[in-house]
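Worksheet for the structure shown next.
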Amino acid sequence: MKKRIAIVTSTRADWGLLKPLADQFKSSDWAEPLIFATGTHFLESFGSTYQYILKDGYQISERIDSQLFPNSAASVSKSLALTAIGFADVFQRNRPDLTVILGDRYEILAVAVAAANERIPIAHLHGGEQTEGALDESYRHAITKFATFHFTSCETYRKRVIQLGEDPKRVFNAGAIGIDNILRMPYASKDELSNLIQRDLADRQYALITFHPETTASEQKGKKQLETFLSALESFPETLFLFTLSNADLGGLSYNARIREFCEKSANRIAVKSLGNYYYLAAIRGAAFVLGNSSSGIIEVPYFHVPTVNVGDRQKGRLAPESVIHCPAERDAIIAAIRQTQQPDFLRKIQTMTQIYGDGHAAEKIASILREKLITDEDSENLNRKPFFDLP
């Protein structure tokens, strides 16, 4: 009998990363993927991104509506609580053999708690990473302590998960699963992307931007950072700026409203709720540079040999290749960093840089390891035991 594996997705971003693993399970003779969708997938204001799941040929086995608009700290806490309540019911009536979760969002922490309480083993992707400018830092490490199996994006993060007390026999460096998409899936053509955003990109320099709030900062500081960021962009009137809007973090809605207002003032600026992998990867490939503070700019974008300007502290501590230019959220520093991305010496250097987030076979590695652990491993009857591993 096939193992029933729940894949939990809460945003446009994590589904794009989880799909290669879902494909591995779907094509196997031992696993049956079940898609459990929650978070912002069902909110029109965030692009109704559950449609990407359906377009990719998957049915949604469980729909958990638990996302309140993230306009206060209380709403985030309540969304977390509603997610835990929803998944408590889901796991009681639809008990998978394993639950796969990715990353560091607050709703994913709620899923981990609910699964652990039901004694359902958890496979966690992208643990051990560091993002000092976001509350995700705490959520991520908390999720690690609930998870059974760990699949990190590089060796440094594997060691950190072990440092958190996890058994090395259950911690694996698989690489970043987003690289699988880059190396394997088709992308939109430049004409298709032009039609989608209603801007002609032929022979046109453009930048791709995603800018999220730093959730460890005050609301006042966050608004100031956004204004500083947008002010810096005004120094490049000839460049087309393509924004993908912020996620459902605290402050994200106000950021999105301000970004839309900024874009309405110039034909060289456009904001979209979501591009989906097919268009997003194409947008990266054709961009002169990527700008903002998304993890994608550090993990996926370097594989295209496209420069990234990483602004502020949201991603502080995350390992970055040479194509990533870090700068504070200050106007002059942002302007200088953008100009550096177009320097011939810099562009030549990043064409031959070392990639640090794997070889594009993460999904294949994860599926193979899980098959062994769930079916043939002699410890498969004791998956819910988590003895603390002490470093020598």
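FYI, nothing fancy with the structure tokens labels: chains A, B, ... in order, residues from 1 per chain, ligands from 1 as they appear.
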DSSP on the backbone: what in range 177-286 of chain A comes out strand (DSSP E or B), as a PDB file with C-alpha atoms, in the first residue's frame?
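selection-v6.pdb, written as the output of this step:
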ATOM      1  CA  TYR A 206      13.946  46.057 -16.189  1.00  0.00           C
ATOM      2  CA  ALA A 207      14.391  45.057 -12.572  1.00  0.00           C
ATOM      3  CA  LEU A 208      12.345  42.520 -10.608  1.00  0.00           C
ATOM      4  CA  ILE A 209      11.448  43.640  -7.080  1.00  0.00           C
ATOM      5  CA  THR A 210      10.019  41.959  -3.994  1.00  0.00           C
ATOM      6  CA  LEU A 240      11.163  49.488 -15.706  1.00  0.00           C
ATOM      7  CA  PHE A 241      10.459  48.220 -12.183  1.00  0.00           C
ATOM      8  CA  LEU A 242       8.340  45.069 -11.939  1.00  0.00           C
ATOM      9  CA  PHE A 243       7.071  44.506  -8.386  1.00  0.00           C
ATOM     10  CA  THR A 244       5.691  41.247  -7.058  1.00  0.00           C
ATOM     11  CA  ARG A 269       6.469  50.803 -12.732  1.00  0.00           C
ATOM     12  CA  ILE A 270       4.070  47.905 -12.442  1.00  0.00           C
ATOM     13  CA  ALA A 271       2.871  45.773  -9.512  1.00  0.00           C
ATOM     14  CA  VAL A 272       1.465  42.250  -9.801  1.00  0.00           C
TER      15      VAL A 272
END
Residue nearest Gln67 in chain A - candidates A:Phe304, A:Phe211, A:Tyr139, A:Phe46, atoms counted: only C-alpha atoms: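 Among the listed residues, the smallest separation from Gln67 in chain A belongs to A:Phe46.
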DSSP-assigned helix (DSSP H, G or I) members of range 3-167 of chain A, reported as an NGL selection string: :A and (12-26 or 39-42 or 44-46 or 50-55 or 73-93 or 106-117 or 136-146 or 155-163)
Using only C-alpha atoms: which of A:Ala88, A:Ala116, A:Ile259, A:Val161 has the shortest distance to Leu230 in chain A: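 Nearest to Leu230 in chain A: A:Ile259.
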Residue neighbourhood Tyr255 in chain A, 12 Å, only C-alpha atoms, exclusion window fewer than 3 positions, as JSON, numbers by chain: {"A": [70, 71, 210, 211, 212, 213, 214, 219, 222, 223, 224, 225, 226, 227, 229, 230, 243, 244, 245, 246, 247, 248, 249, 250, 251, 252, 258, 259, 260, 261, 262, 271]}
Ser323 in chain A surroundings by only C-alpha atoms, 12 Å radius, close-in-sequence under 2 positions cut, as a ChimeraX atom specification: /A:289-291,297-310,319-321,325-326,337,340-343,345-356
Spatial neighbours of Glu166 in chain A, 12 Å, only C-alpha atoms, chain gap at least 5 places, as JSON, numbers by chain: {"A": [127, 128, 141, 143, 144, 145, 146, 147, 148, 149, 150, 151, 158, 159, 160, 161, 171, 172, 385, 386, 387, 388, 389, 390, 391]}
Near-range 313-316 of chain A list (7 Å; only C-alpha atoms; drop same-chain fewer than 2 positions) as a ChimeraX atom specification: /A:131-134,214,293,295,311,318
Quick one: write out the picked residues with N, CA and C atoms as a PDB file, in the first residue's frame?
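The resulting selection_8.pdb:
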ATOM      1  N   THR A 131      17.654  34.454   9.457  1.00  0.00           N
ATOM      2  CA  THR A 131      17.079  35.694   8.918  1.00  0.00           C
ATOM      3  C   THR A 131      16.785  36.613  10.104  1.00  0.00           C
ATOM      4  N   GLU A 132      17.760  37.392  10.489  1.00  0.00           N
ATOM      5  CA  GLU A 132      17.668  38.162  11.724  1.00  0.00           C
ATOM      6  C   GLU A 132      16.599  39.256  11.684  1.00  0.00           C
ATOM      7  N   GLY A 133      16.208  39.680  10.474  1.00  0.00           N
ATOM      8  CA  GLY A 133      15.258  40.783  10.377  1.00  0.00           C
ATOM      9  C   GLY A 133      13.803  40.344  10.284  1.00  0.00           C
ATOM     10  N   ALA A 134      13.522  39.079  10.612  1.00  0.00           N
ATOM     11  CA  ALA A 134      12.144  38.595  10.512  1.00  0.00           C
ATOM     12  C   ALA A 134      11.840  37.657  11.675  1.00  0.00           C
ATOM     13  N   GLU A 214      10.255  44.133   7.440  1.00  0.00           N
ATOM     14  CA  GLU A 214      11.101  43.488   8.445  1.00  0.00           C
ATOM     15  C   GLU A 214      10.258  43.334   9.706  1.00  0.00           C
ATOM     16  N   ASN A 293      14.238  42.222  -0.644  1.00  0.00           N
ATOM     17  CA  ASN A 293      14.724  41.475   0.523  1.00  0.00           C
ATOM     18  C   ASN A 293      14.086  40.101   0.623  1.00  0.00           C
ATOM     19  N   SER A 295      14.087  35.945   0.077  1.00  0.00           N
ATOM     20  CA  SER A 295      15.061  34.853   0.072  1.00  0.00           C
ATOM     21  C   SER A 295      15.355  34.377  -1.338  1.00  0.00           C
ATOM     22  N   VAL A 311      18.392  44.361   0.371  1.00  0.00           N
ATOM     23  CA  VAL A 311      18.281  45.601   1.136  1.00  0.00           C
ATOM     24  C   VAL A 311      17.865  45.321   2.581  1.00  0.00           C
ATOM     25  N   ARG A 318      21.737  35.035   6.280  1.00  0.00           N
ATOM     26  CA  ARG A 318      21.591  33.976   5.278  1.00  0.00           C
ATOM     27  C   ARG A 318      22.834  33.935   4.389  1.00  0.00           C
TER      28      ARG A 318
END
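In this comparison, which uses only C-alpha atoms, the residue of A:Pro96, A:Gly360, A:Pro121, A:Gly39 approaching Ser61 in chain A most closely is A:Pro96.
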Non-local contacts of Glu364 in chain A (12 Å; only C-alpha atoms; under 2 positions in same chain excluded) as a PyMOL selection string: chain A and resi 18-25+27-28+151+174-177+179-180+359-362+366-371
d(CA of Leu253 in chain A, CA of Ser218 in chain A) in Å: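 Atom-to-atom, CA of Leu253 in chain A to CA of Ser218 in chain A, that is 15.1 Å.
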Residue nearest Ile375 in chain A - candidates A:Leu98, A:Ala336, A:Ala282, A:Leu68, atoms counted: only C-alpha atoms: A:Leu98
Given only C-alpha atoms as the counted atoms, nearest of A:Asn94, A:Ser266, A:Thr11, A:Ser66 to Gly47 in chain A: A:Thr11
Distance in Å - CA of Thr38 in chain A versus CA of Asn181 in chain A: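 Distance reported for this atom pair: 22.4 Å.
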For Leu233 in chain A, the nearest of the candidates A:Leu201, A:Ala363, A:Ile7, A:Ile335, counting only C-alpha atoms: A:Ile335
